[in-house]
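The structure appears right after this line, and notes come after that.
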There are 4 protein chains.
Amino acid sequence: MLKIEVRRKPIIIGVMGGHEAPVEILEEARRIGEEIAKRGLVILTGGGDGVMKAASEGASRAGGLVLAVLPSDRVRPLAGYPNEFVDIAICTGMADARNAINAKTPHIIIAIDGGWGTVSEIAHAVRCDTPVIGLKTPFIDLPQARCLIACDTVEDALAQMDRLIKVIGGQRPAAGEMQ
Amino acid sequence: MLKIEVRRKPIIIGVMGGHEAPVEILEEARRIGEEIAKRGLVILTGGGDGVMKAASEGASRAGGLVLAVLPSDRVRPLAGYPNEFVDIAICTGMADARNAINAKTPHIIIAIDGGWGTVSEIAHAVRCDTPVIGLKTPFIDLPQARCLIACDTVEDALAQMDRLIKVIGGQRPAAGEMQ
Amino acid sequence: MLKIEVRRKPIIIGVMGGHEAPVEILEEARRIGEEIAKRGLVILTGGGDGVMKAASEGASRAGGLVLAVLPSDRVRPLAGYPNEFVDIAICTGMADARNAINAKTPHIIIAIDGGWGTVSEIAHAVRCDTPVIGLKTPFIDLPQARCLIACDTVEDALAQMDRLIKVIGGQRPAAGEMQ
Amino acid sequence: MLKIEVRRKPIIIGVMGGHEAPVEILEEARRIGEEIAKRGLVILTGGGDGVMKAASEGASRAGGLVLAVLPSDRVRPLAGYPNEFVDIAICTGMADARNAINAKTPHIIIAIDGGWGTVSEIAHAVRCDTPVIGLKTPFIDLPQARCLIACDTVEDALAQMDRLIKVIGGQRPAAGEMQ
């Protein structure tokens, strides 16, 4: 498939997660990427290995457009970035400071498993009101965690995503509309 | 037109320029945007008014996908960003520091007219070996300006772009291949 | 006191925390800032209100140099930044993306209380091996949290800081030396 | 000299220039660094070799505090950064995107010789109203270059700096006050 069909002003779903993960987590990331593409949504990841690559593969094989915000640039490449499924690579050359962009750009984020990089992205996302659906993500104990939705299964995560998309109707939800 | 056809791993053409410009410059930007889309390439701008908006309008009306790397984010929006023709907005919240991303991401840049923001993007681009085609851009006197190509007409700029695309064949040119 | 004495290549202690905090937390932040300055160390904060201001006040009144990495710049100022005790303000204009700089620059970080901004800074710090002493900080459940040291009192936090400074002897600790 | 005396809220002078330069340029950079320190001002550079190192050396030997905003961080160091005269290194890990911080932070910038990195810093500086004194810098042809002051000698550059400091009196000049 050499051409991709993309909606004008598509909803962007960020999928965040570590560059290493157990095989069953990778399979879940792939399924989530696939479902994102099947709904005509655009996926955005950090562009690396692990959860990022698996979700991108799922989306790409299902005919979706795959965006990535890289920590690297072309003059100073970084091993594993971008993975082979990335269509459009935003080259920042900013290392971890690009995590804030990963958090600000998507309309909705699904965080899967993940380590400290993912924690930083969840934290940046909450700060800028991007709703975060967490699938087996690190637990963070903050009372004001109103825009974090914890899920245990892919089906739950997708149901939450579908619900949020209806709420936002192509717009971003206001903070109060998310729960 | 509600759907856009995009190639897998498309070549990205950055169009840089000021948020204000004379009407004849805006018309040239529109034509360049249109020709980018007609060739199946993807346009990337800074997402604002002026040259950025005109080039995005040209690309969008010709059926192309329009990317933008915004200085703002959704929590702290900035008047005029993104313009109405942007399909996918990368939200950085980084103000001018995002100019480096504008310079690193495209395979080729066309700089049209422009002020100090454009000068910063040209400078960042040369530093990371992104070839820059300048159409009536500010003059910068540096002997090592090997990857800057100055043009006087839209036709010249497009011919240079087509030539560079052949050289790179979907890959980025090495520094030595550009002239 | 109009002059400050600073060591050549001083050890920098980052103090991270929210722009709002209960009064007893602010008092603890002030005491920590004071002790940092009394030891001839330089304090670095995010430059805002709350914990950042209280710690800066403590350091400044004790004769220390106060650094801050601002989310704002002079052209687009942000209310409350920098607070009145900041001597040297690094102006990023990058909003939250500057949190990565807050995490990378200090030799040791003391995180006090705090919300999602502080969580992002802790996460960025762990990613770049900056040791973090947490005083009543948000709980983050990650098994690999080897460079996070949780404390309940100001005395404990200062004892951990003094211990780390001996280990590093003016150098940054390697990851394995911290515990 | 192991201790440095610094004024509270010191005026910061940015010295920008390339990591390579002819020996006579380096000597001029050293003299400028020395004069900055003798006046009790704080120097800020990009932290690397060439003009950055020479100016830092001059300031350090004259007893001044030397700041640097590095493109690198401690986990991913970059050869030559920071140079041996840097006292306080702000670690960004952001490569060239840190040039915007170099431009926004100082009260006044002296650009000496330099290549594309320096051009990007001059452009960012003008955009955020930081006055720039250019000593043998690249020529940039923009009519609105109101806050760029071109000089041919170290003495001229220092005289312009002294004049601007009087104008600002510890505050940053408004755009109209600079010429």
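Ordered as shown in the structure tokens, chains take letters A, B, and onward, while each chain numbers its residues from 1 and ligands are numbered from 1 in the order shown.
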Within 8 Å of chain A: each chain B residue with its shortest pair, only C-alpha atoms, as a Markdown table:
| residue | atom | partner | partner_atom | distance |
| --- | --- | --- | --- | --- |
| B:Leu2 | CA | A:Arg8 | CA | 5.4 |
| B:Lys3 | CA | A:Arg7 | CA | 4.5 |
| B:Ile4 | CA | A:Val6 | CA | 5.1 |
| B:Glu5 | CA | A:Glu5 | CA | 4.7 |
| B:Val6 | CA | A:Ile4 | CA | 5.1 |
| B:Arg7 | CA | A:Lys3 | CA | 4.5 |
| B:Arg8 | CA | A:Leu2 | CA | 5.4 |
| B:Lys9 | CA | A:Asp87 | CA | 4.1 |
| B:Pro10 | CA | A:Asp87 | CA | 6.8 |
| B:Leu65 | CA | A:Arg8 | CA | 7.7 |
| B:Asp73 | CA | A:Lys104 | CA | 6.5 |
| B:Arg74 | CA | A:Cys128 | CA | 7.4 |
| B:Val75 | CA | A:Cys128 | CA | 5.7 |
| B:Val86 | CA | A:Lys9 | CA | 7.2 |
| B:Asp87 | CA | A:Lys9 | CA | 4.1 |
| B:Ile88 | CA | A:Lys9 | CA | 6.1 |
| B:Ala89 | CA | A:Thr105 | CA | 7.0 |
| B:Ile90 | CA | A:Thr105 | CA | 5.3 |
| B:Cys91 | CA | A:Thr105 | CA | 4.8 |
| B:Thr92 | CA | A:Ile101 | CA | 5.0 |
| B:Gly93 | CA | A:Ile101 | CA | 7.7 |
| B:Ala100 | CA | A:Thr92 | CA | 7.3 |
| B:Ile101 | CA | A:Thr92 | CA | 5.0 |
| B:Lys104 | CA | A:Cys91 | CA | 5.7 |
| B:Thr105 | CA | A:Cys91 | CA | 4.8 |
| B:Cys128 | CA | A:Val75 | CA | 5.7 |
| B:Asp129 | CA | A:Val75 | CA | 7.4 |
After superposing chain B onto chain C (least squares, all C-alpha atoms, pairing by order), export the transformed chain as a compact mmCIF listing (two decimals) with C-alpha atoms, in the first residue's frame.
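The file below, superposed-v6.txt, is the result:
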# COMPACT_ATOMS: atom_id res chain seq x y z
CA MET B 1 23.92 42.43 50.82
CA LEU B 2 24.69 43.50 47.27
CA LYS B 3 27.52 41.10 46.53
CA ILE B 4 27.55 37.30 46.62
CA GLU B 5 30.59 35.06 46.94
CA VAL B 6 30.44 32.05 44.62
CA ARG B 7 32.91 29.17 44.32
CA ARG B 8 34.43 28.45 40.91
CA LYS B 9 32.46 25.58 39.33
CA PRO B 10 29.97 25.37 42.19
CA ILE B 11 27.75 22.39 42.88
CA ILE B 12 24.21 23.23 41.80
CA ILE B 13 21.23 21.99 43.83
CA GLY B 14 17.90 22.04 42.02
CA VAL B 15 14.85 22.63 44.20
CA MET B 16 11.66 21.62 42.40
CA GLY B 17 8.10 22.07 43.61
CA GLY B 18 4.76 23.62 42.83
CA HIS B 19 3.83 27.28 42.48
CA GLU B 20 1.33 26.74 45.29
CA ALA B 21 1.92 24.86 48.53
CA PRO B 22 0.70 24.76 52.15
CA VAL B 23 2.45 27.21 54.46
CA GLU B 24 4.36 24.47 56.31
CA ILE B 25 5.78 23.18 53.02
CA LEU B 26 6.88 26.71 52.11
CA GLU B 27 8.65 27.00 55.46
CA GLU B 28 10.49 23.73 54.77
CA ALA B 29 11.47 24.97 51.30
CA ARG B 30 12.84 28.17 52.85
CA ARG B 31 14.96 26.20 55.31
CA ILE B 32 16.32 23.99 52.55
CA GLY B 33 17.22 27.04 50.47
CA GLU B 34 18.97 28.57 53.47
CA GLU B 35 21.02 25.43 54.13
CA ILE B 36 22.01 25.18 50.47
CA ALA B 37 23.42 28.72 50.57
CA LYS B 38 25.14 28.22 53.93
CA ARG B 39 27.06 25.30 52.41
CA GLY B 40 28.31 27.52 49.55
CA LEU B 41 26.17 25.69 47.01
CA VAL B 42 24.16 27.37 44.27
CA ILE B 43 20.38 26.90 44.07
CA LEU B 44 18.44 26.47 40.83
CA THR B 45 14.64 26.51 40.57
CA GLY B 46 11.98 27.03 37.93
CA GLY B 47 11.83 30.68 38.99
CA GLY B 48 8.15 30.92 39.94
CA ASP B 49 6.03 31.24 43.06
CA GLY B 50 5.35 28.77 45.88
CA VAL B 51 8.12 26.27 46.67
CA MET B 52 10.38 27.86 44.04
CA LYS B 53 10.08 31.31 45.60
CA ALA B 54 10.36 30.13 49.20
CA ALA B 55 13.53 28.13 48.53
CA SER B 56 15.01 31.05 46.57
CA GLU B 57 14.19 33.44 49.40
CA GLY B 58 15.91 31.18 51.92
CA ALA B 59 19.02 30.93 49.76
CA SER B 60 19.10 34.64 48.92
CA ARG B 61 18.72 35.81 52.54
CA ALA B 62 21.56 33.45 53.53
CA GLY B 63 23.81 35.10 50.92
CA GLY B 64 23.59 32.53 48.15
CA LEU B 65 23.40 32.98 44.38
CA VAL B 66 19.95 32.14 43.01
CA LEU B 67 19.54 30.71 39.49
CA ALA B 68 16.25 30.09 37.70
CA VAL B 69 15.29 28.51 34.38
CA LEU B 70 12.16 30.41 33.32
CA PRO B 71 9.34 29.08 31.11
CA SER B 72 9.00 32.64 29.79
CA ASP B 73 11.21 35.26 28.21
CA ARG B 74 11.30 39.05 28.45
CA VAL B 75 9.15 39.70 25.37
CA ARG B 76 6.42 37.35 26.55
CA PRO B 77 6.63 37.55 30.35
CA LEU B 78 4.55 35.28 32.58
CA ALA B 79 2.97 36.47 35.83
CA GLY B 80 5.09 35.45 38.81
CA TYR B 81 8.24 34.69 36.77
CA PRO B 82 10.90 35.37 37.85
CA ASN B 83 10.21 35.78 41.54
CA GLU B 84 11.99 38.65 43.31
CA PHE B 85 14.81 36.48 44.71
CA VAL B 86 16.19 35.29 41.38
CA ASP B 87 19.65 36.68 40.56
CA ILE B 88 20.27 35.02 37.20
CA ALA B 89 17.26 34.11 35.04
CA ILE B 90 17.77 31.77 32.11
CA CYS B 91 15.01 32.85 29.71
CA THR B 92 13.80 29.93 27.60
CA GLY B 93 10.38 31.01 26.32
CA MET B 94 9.70 27.27 26.09
CA ALA B 95 6.93 26.85 28.67
CA ASP B 96 6.90 23.32 30.15
CA ALA B 97 9.52 22.04 27.73
CA ARG B 98 12.02 23.83 29.97
CA ASN B 99 11.36 21.27 32.70
CA ALA B 100 13.88 18.98 31.00
CA ILE B 101 16.56 21.67 31.50
CA ASN B 102 15.61 21.97 35.17
CA ALA B 103 16.19 18.24 35.45
CA LYS B 104 19.47 18.03 33.52
CA THR B 105 21.34 21.02 34.95
CA PRO B 106 21.64 20.45 38.73
CA HIS B 107 24.08 17.97 40.27
CA ILE B 108 21.40 16.93 42.77
CA ILE B 109 17.66 17.68 42.93
CA ILE B 110 15.47 18.10 46.01
CA ALA B 111 11.80 17.79 45.03
CA ILE B 112 9.41 19.18 47.63
CA ASP B 113 5.69 18.41 47.51
CA GLY B 114 4.62 19.46 44.01
CA GLY B 115 2.18 18.53 41.27
CA TRP B 116 2.44 17.39 37.65
CA GLY B 117 5.22 19.83 36.77
CA THR B 118 7.32 18.38 39.55
CA VAL B 119 6.46 14.83 38.44
CA SER B 120 7.71 15.69 34.94
CA GLU B 121 10.95 17.07 36.38
CA ILE B 122 11.51 13.99 38.55
CA ALA B 123 10.93 11.77 35.51
CA HIS B 124 13.30 13.78 33.30
CA ALA B 125 15.89 13.75 36.11
CA VAL B 126 15.85 9.99 36.54
CA ARG B 127 16.23 9.62 32.75
CA CYS B 128 19.48 11.60 32.84
CA ASP B 129 20.84 10.17 36.09
CA THR B 130 20.42 13.28 38.24
CA PRO B 131 19.84 11.95 41.79
CA VAL B 132 16.50 13.10 43.24
CA ILE B 133 15.80 13.51 46.95
CA GLY B 134 12.03 13.63 47.39
CA LEU B 135 10.57 15.45 50.40
CA LYS B 136 6.84 14.68 50.57
CA THR B 137 6.72 14.39 46.78
CA PRO B 138 4.10 12.58 44.71
CA PHE B 139 4.50 8.80 44.82
CA ILE B 140 5.48 7.21 41.51
CA ASP B 141 5.48 3.43 41.34
CA LEU B 142 8.30 2.25 39.11
CA PRO B 143 10.57 -0.65 40.13
CA GLN B 144 13.65 0.91 38.53
CA ALA B 145 13.42 4.04 40.67
CA ARG B 146 16.97 3.58 41.90
CA CYS B 147 17.99 7.23 41.98
CA LEU B 148 14.93 8.47 43.89
CA ILE B 149 15.42 8.86 47.63
CA ALA B 150 12.22 9.51 49.62
CA CYS B 151 12.51 11.60 52.81
CA ASP B 152 10.02 12.76 55.43
CA THR B 153 11.89 15.63 57.07
CA VAL B 154 14.10 18.56 56.11
CA GLU B 155 16.88 17.08 58.23
CA ASP B 156 16.73 13.76 56.37
CA ALA B 157 16.75 15.52 53.01
CA LEU B 158 19.78 17.61 53.97
CA ALA B 159 21.62 14.57 55.31
CA GLN B 160 21.02 12.77 52.02
CA MET B 161 22.22 15.84 50.13
CA ASP B 162 25.40 16.07 52.21
CA ARG B 163 26.05 12.37 51.70
CA LEU B 164 25.62 12.65 47.92
CA ILE B 165 27.92 15.69 47.76
CA LYS B 166 30.65 13.69 49.52
CA VAL B 167 30.18 10.85 47.06
CA ILE B 168 30.43 13.12 44.07
CA GLY B 169 33.18 15.36 45.47
CA GLY B 170 32.28 18.09 43.04
CA GLN B 171 31.68 15.60 40.26
CA ARG B 172 28.36 14.08 39.35
CA PRO B 173 27.74 10.64 40.81
CA ALA B 174 27.69 7.69 38.46
CA ALA B 175 24.35 5.91 38.66
CA GLY B 176 25.74 3.09 40.82
CA GLU B 177 27.30 5.36 43.43
CA MET B 178 24.13 6.90 44.62
CA GLN B 179 22.76 4.28 46.95
Running DSSP on the backbone, which parts of stretch 15-138 of chain D land in alpha helix (DSSP H), as a PDB file with N, CA and C atoms, in the first residue's frame?
ATOM      1  N   VAL D  23      43.229  33.452  14.895  1.00  0.00           N
ATOM      2  CA  VAL D  23      43.860  33.750  16.182  1.00  0.00           C
ATOM      3  C   VAL D  23      43.634  35.201  16.612  1.00  0.00           C
ATOM      4  N   GLU D  24      43.557  36.127  15.663  1.00  0.00           N
ATOM      5  CA  GLU D  24      43.364  37.528  16.075  1.00  0.00           C
ATOM      6  C   GLU D  24      41.928  37.761  16.564  1.00  0.00           C
ATOM      7  N   ILE D  25      41.002  37.009  16.031  1.00  0.00           N
ATOM      8  CA  ILE D  25      39.615  37.077  16.532  1.00  0.00           C
ATOM      9  C   ILE D  25      39.552  36.522  17.957  1.00  0.00           C
ATOM     10  N   LEU D  26      40.240  35.422  18.183  1.00  0.00           N
ATOM     11  CA  LEU D  26      40.254  34.828  19.525  1.00  0.00           C
ATOM     12  C   LEU D  26      40.836  35.810  20.538  1.00  0.00           C
ATOM     13  N   GLU D  27      41.883  36.527  20.119  1.00  0.00           N
ATOM     14  CA  GLU D  27      42.492  37.507  21.023  1.00  0.00           C
ATOM     15  C   GLU D  27      41.491  38.629  21.342  1.00  0.00           C
ATOM     16  N   GLU D  28      40.746  39.048  20.351  1.00  0.00           N
ATOM     17  CA  GLU D  28      39.726  40.078  20.596  1.00  0.00           C
ATOM     18  C   GLU D  28      38.630  39.567  21.529  1.00  0.00           C
ATOM     19  N   ALA D  29      38.237  38.300  21.336  1.00  0.00           N
ATOM     20  CA  ALA D  29      37.213  37.705  22.207  1.00  0.00           C
ATOM     21  C   ALA D  29      37.708  37.666  23.657  1.00  0.00           C
ATOM     22  N   ARG D  30      38.991  37.315  23.824  1.00  0.00           N
ATOM     23  CA  ARG D  30      39.577  37.272  25.171  1.00  0.00           C
ATOM     24  C   ARG D  30      39.528  38.641  25.834  1.00  0.00           C
ATOM     25  N   ARG D  31      39.891  39.667  25.064  1.00  0.00           N
ATOM     26  CA  ARG D  31      39.879  41.021  25.632  1.00  0.00           C
ATOM     27  C   ARG D  31      38.466  41.449  26.017  1.00  0.00           C
ATOM     28  N   ILE D  32      37.519  41.095  25.188  1.00  0.00           N
ATOM     29  CA  ILE D  32      36.135  41.458  25.511  1.00  0.00           C
ATOM     30  C   ILE D  32      35.671  40.731  26.765  1.00  0.00           C
ATOM     31  N   GLY D  33      36.002  39.447  26.883  1.00  0.00           N
ATOM     32  CA  GLY D  33      35.646  38.704  28.103  1.00  0.00           C
ATOM     33  C   GLY D  33      36.260  39.344  29.338  1.00  0.00           C
ATOM     34  N   GLU D  34      37.514  39.739  29.201  1.00  0.00           N
ATOM     35  CA  GLU D  34      38.228  40.370  30.322  1.00  0.00           C
ATOM     36  C   GLU D  34      37.536  41.672  30.749  1.00  0.00           C
ATOM     37  N   GLU D  35      37.173  42.484  29.784  1.00  0.00           N
ATOM     38  CA  GLU D  35      36.535  43.766  30.104  1.00  0.00           C
ATOM     39  C   GLU D  35      35.147  43.573  30.713  1.00  0.00           C
ATOM     40  N   ILE D  36      34.442  42.548  30.259  1.00  0.00           N
ATOM     41  CA  ILE D  36      33.127  42.239  30.850  1.00  0.00           C
ATOM     42  C   ILE D  36      33.306  41.946  32.343  1.00  0.00           C
ATOM     43  N   ALA D  37      34.281  41.088  32.667  1.00  0.00           N
ATOM     44  CA  ALA D  37      34.492  40.706  34.076  1.00  0.00           C
ATOM     45  C   ALA D  37      34.965  41.897  34.904  1.00  0.00           C
ATOM     46  N   LYS D  38      35.854  42.710  34.326  1.00  0.00           N
ATOM     47  CA  LYS D  38      36.371  43.874  35.071  1.00  0.00           C
ATOM     48  C   LYS D  38      35.258  44.849  35.456  1.00  0.00           C
ATOM     49  N   VAL D  51      35.599  31.190  19.816  1.00  0.00           N
ATOM     50  CA  VAL D  51      35.244  32.482  20.408  1.00  0.00           C
ATOM     51  C   VAL D  51      34.641  32.294  21.799  1.00  0.00           C
ATOM     52  N   MET D  52      33.818  31.253  21.942  1.00  0.00           N
ATOM     53  CA  MET D  52      33.158  31.003  23.235  1.00  0.00           C
ATOM     54  C   MET D  52      34.194  30.745  24.323  1.00  0.00           C
ATOM     55  N   LYS D  53      35.173  29.927  24.009  1.00  0.00           N
ATOM     56  CA  LYS D  53      36.199  29.588  24.996  1.00  0.00           C
ATOM     57  C   LYS D  53      37.114  30.777  25.282  1.00  0.00           C
ATOM     58  N   ALA D  54      37.519  31.490  24.242  1.00  0.00           N
ATOM     59  CA  ALA D  54      38.430  32.619  24.432  1.00  0.00           C
ATOM     60  C   ALA D  54      37.785  33.702  25.298  1.00  0.00           C
ATOM     61  N   ALA D  55      36.533  34.020  25.029  1.00  0.00           N
ATOM     62  CA  ALA D  55      35.850  35.048  25.823  1.00  0.00           C
ATOM     63  C   ALA D  55      35.682  34.578  27.262  1.00  0.00           C
ATOM     64  N   SER D  56      35.372  33.285  27.439  1.00  0.00           N
ATOM     65  CA  SER D  56      35.205  32.735  28.787  1.00  0.00           C
ATOM     66  C   SER D  56      36.531  32.760  29.541  1.00  0.00           C
ATOM     67  N   GLU D  57      37.610  32.466  28.834  1.00  0.00           N
ATOM     68  CA  GLU D  57      38.928  32.498  29.461  1.00  0.00           C
ATOM     69  C   GLU D  57      39.265  33.903  29.938  1.00  0.00           C
ATOM     70  N   GLY D  58      39.009  34.879  29.065  1.00  0.00           N
ATOM     71  CA  GLY D  58      39.278  36.259  29.455  1.00  0.00           C
ATOM     72  C   GLY D  58      38.494  36.666  30.695  1.00  0.00           C
ATOM     73  N   ALA D  59      37.233  36.311  30.728  1.00  0.00           N
ATOM     74  CA  ALA D  59      36.384  36.674  31.865  1.00  0.00           C
ATOM     75  C   ALA D  59      36.830  35.938  33.129  1.00  0.00           C
ATOM     76  N   SER D  60      37.127  34.660  32.988  1.00  0.00           N
ATOM     77  CA  SER D  60      37.497  33.847  34.151  1.00  0.00           C
ATOM     78  C   SER D  60      38.803  34.343  34.760  1.00  0.00           C
ATOM     79  N   ARG D  61      39.800  34.624  33.928  1.00  0.00           N
ATOM     80  CA  ARG D  61      41.109  35.078  34.431  1.00  0.00           C
ATOM     81  C   ARG D  61      40.995  36.450  35.105  1.00  0.00           C
ATOM     82  N   ASN D  99      20.008  27.666  20.888  1.00  0.00           N
ATOM     83  CA  ASN D  99      20.462  28.989  20.459  1.00  0.00           C
ATOM     84  C   ASN D  99      19.439  30.074  20.805  1.00  0.00           C
ATOM     85  N   ALA D 100      18.156  29.707  20.806  1.00  0.00           N
ATOM     86  CA  ALA D 100      17.132  30.686  21.176  1.00  0.00           C
ATOM     87  C   ALA D 100      17.315  31.133  22.625  1.00  0.00           C
ATOM     88  N   ILE D 101      17.736  30.223  23.498  1.00  0.00           N
ATOM     89  CA  ILE D 101      17.961  30.569  24.914  1.00  0.00           C
ATOM     90  C   ILE D 101      19.173  31.492  25.034  1.00  0.00           C
ATOM     91  N   ASN D 102      20.215  31.212  24.274  1.00  0.00           N
ATOM     92  CA  ASN D 102      21.384  32.100  24.226  1.00  0.00           C
ATOM     93  C   ASN D 102      20.998  33.517  23.838  1.00  0.00           C
ATOM     94  N   ALA D 103      19.997  33.622  22.998  1.00  0.00           N
ATOM     95  CA  ALA D 103      19.588  34.928  22.486  1.00  0.00           C
ATOM     96  C   ALA D 103      18.665  35.662  23.440  1.00  0.00           C
ATOM     97  N   LYS D 104      17.851  34.912  24.185  1.00  0.00           N
ATOM     98  CA  LYS D 104      16.839  35.517  25.045  1.00  0.00           C
ATOM     99  C   LYS D 104      17.376  35.911  26.413  1.00  0.00           C
ATOM    100  N   TRP D 116      26.979  30.152  10.865  1.00  0.00           N
ATOM    101  CA  TRP D 116      25.521  30.040  10.827  1.00  0.00           C
ATOM    102  C   TRP D 116      24.898  29.953  12.209  1.00  0.00           C
ATOM    103  N   GLY D 117      25.607  29.332  13.162  1.00  0.00           N
ATOM    104  CA  GLY D 117      25.082  29.299  14.525  1.00  0.00           C
ATOM    105  C   GLY D 117      24.936  30.707  15.078  1.00  0.00           C
ATOM    106  N   THR D 118      25.962  31.532  14.843  1.00  0.00           N
ATOM    107  CA  THR D 118      25.914  32.923  15.297  1.00  0.00           C
ATOM    108  C   THR D 118      24.810  33.696  14.574  1.00  0.00           C
ATOM    109  N   VAL D 119      24.651  33.447  13.283  1.00  0.00           N
ATOM    110  CA  VAL D 119      23.564  34.109  12.551  1.00  0.00           C
ATOM    111  C   VAL D 119      22.218  33.760  13.182  1.00  0.00           C
ATOM    112  N   SER D 120      22.035  32.474  13.538  1.00  0.00           N
ATOM    113  CA  SER D 120      20.746  32.089  14.146  1.00  0.00           C
ATOM    114  C   SER D 120      20.557  32.801  15.477  1.00  0.00           C
ATOM    115  N   GLU D 121      21.630  32.973  16.231  1.00  0.00           N
ATOM    116  CA  GLU D 121      21.512  33.647  17.526  1.00  0.00           C
ATOM    117  C   GLU D 121      21.219  35.140  17.362  1.00  0.00           C
ATOM    118  N   ILE D 122      21.865  35.773  16.387  1.00  0.00           N
ATOM    119  CA  ILE D 122      21.564  37.184  16.115  1.00  0.00           C
ATOM    120  C   ILE D 122      20.087  37.326  15.739  1.00  0.00           C
ATOM    121  N   ALA D 123      19.615  36.427  14.859  1.00  0.00           N
ATOM    122  CA  ALA D 123      18.219  36.517  14.409  1.00  0.00           C
ATOM    123  C   ALA D 123      17.252  36.321  15.570  1.00  0.00           C
ATOM    124  N   HIS D 124      17.508  35.306  16.397  1.00  0.00           N
ATOM    125  CA  HIS D 124      16.641  35.091  17.566  1.00  0.00           C
ATOM    126  C   HIS D 124      16.685  36.312  18.494  1.00  0.00           C
ATOM    127  N   ALA D 125      17.879  36.905  18.661  1.00  0.00           N
ATOM    128  CA  ALA D 125      18.032  38.042  19.568  1.00  0.00           C
ATOM    129  C   ALA D 125      17.203  39.231  19.094  1.00  0.00           C
ATOM    130  N   VAL D 126      17.298  39.536  17.814  1.00  0.00           N
ATOM    131  CA  VAL D 126      16.540  40.673  17.290  1.00  0.00           C
ATOM    132  C   VAL D 126      15.046  40.446  17.501  1.00  0.00           C
ATOM    133  N   ARG D 127      14.606  39.213  17.307  1.00  0.00           N
ATOM    134  CA  ARG D 127      13.184  38.871  17.476  1.00  0.00           C
ATOM    135  C   ARG D 127      12.690  39.114  18.897  1.00  0.00           C
TER     136      ARG D 127
END
Check the DSSP output for the backbone and give back, as an NGL selection string, the residues of chain C in strand (DSSP E).
:C and (3-7 or 12-17 or 42-45 or 66-70 or 88-91 or 108-112 or 132-135 or 139-141 or 148-151)
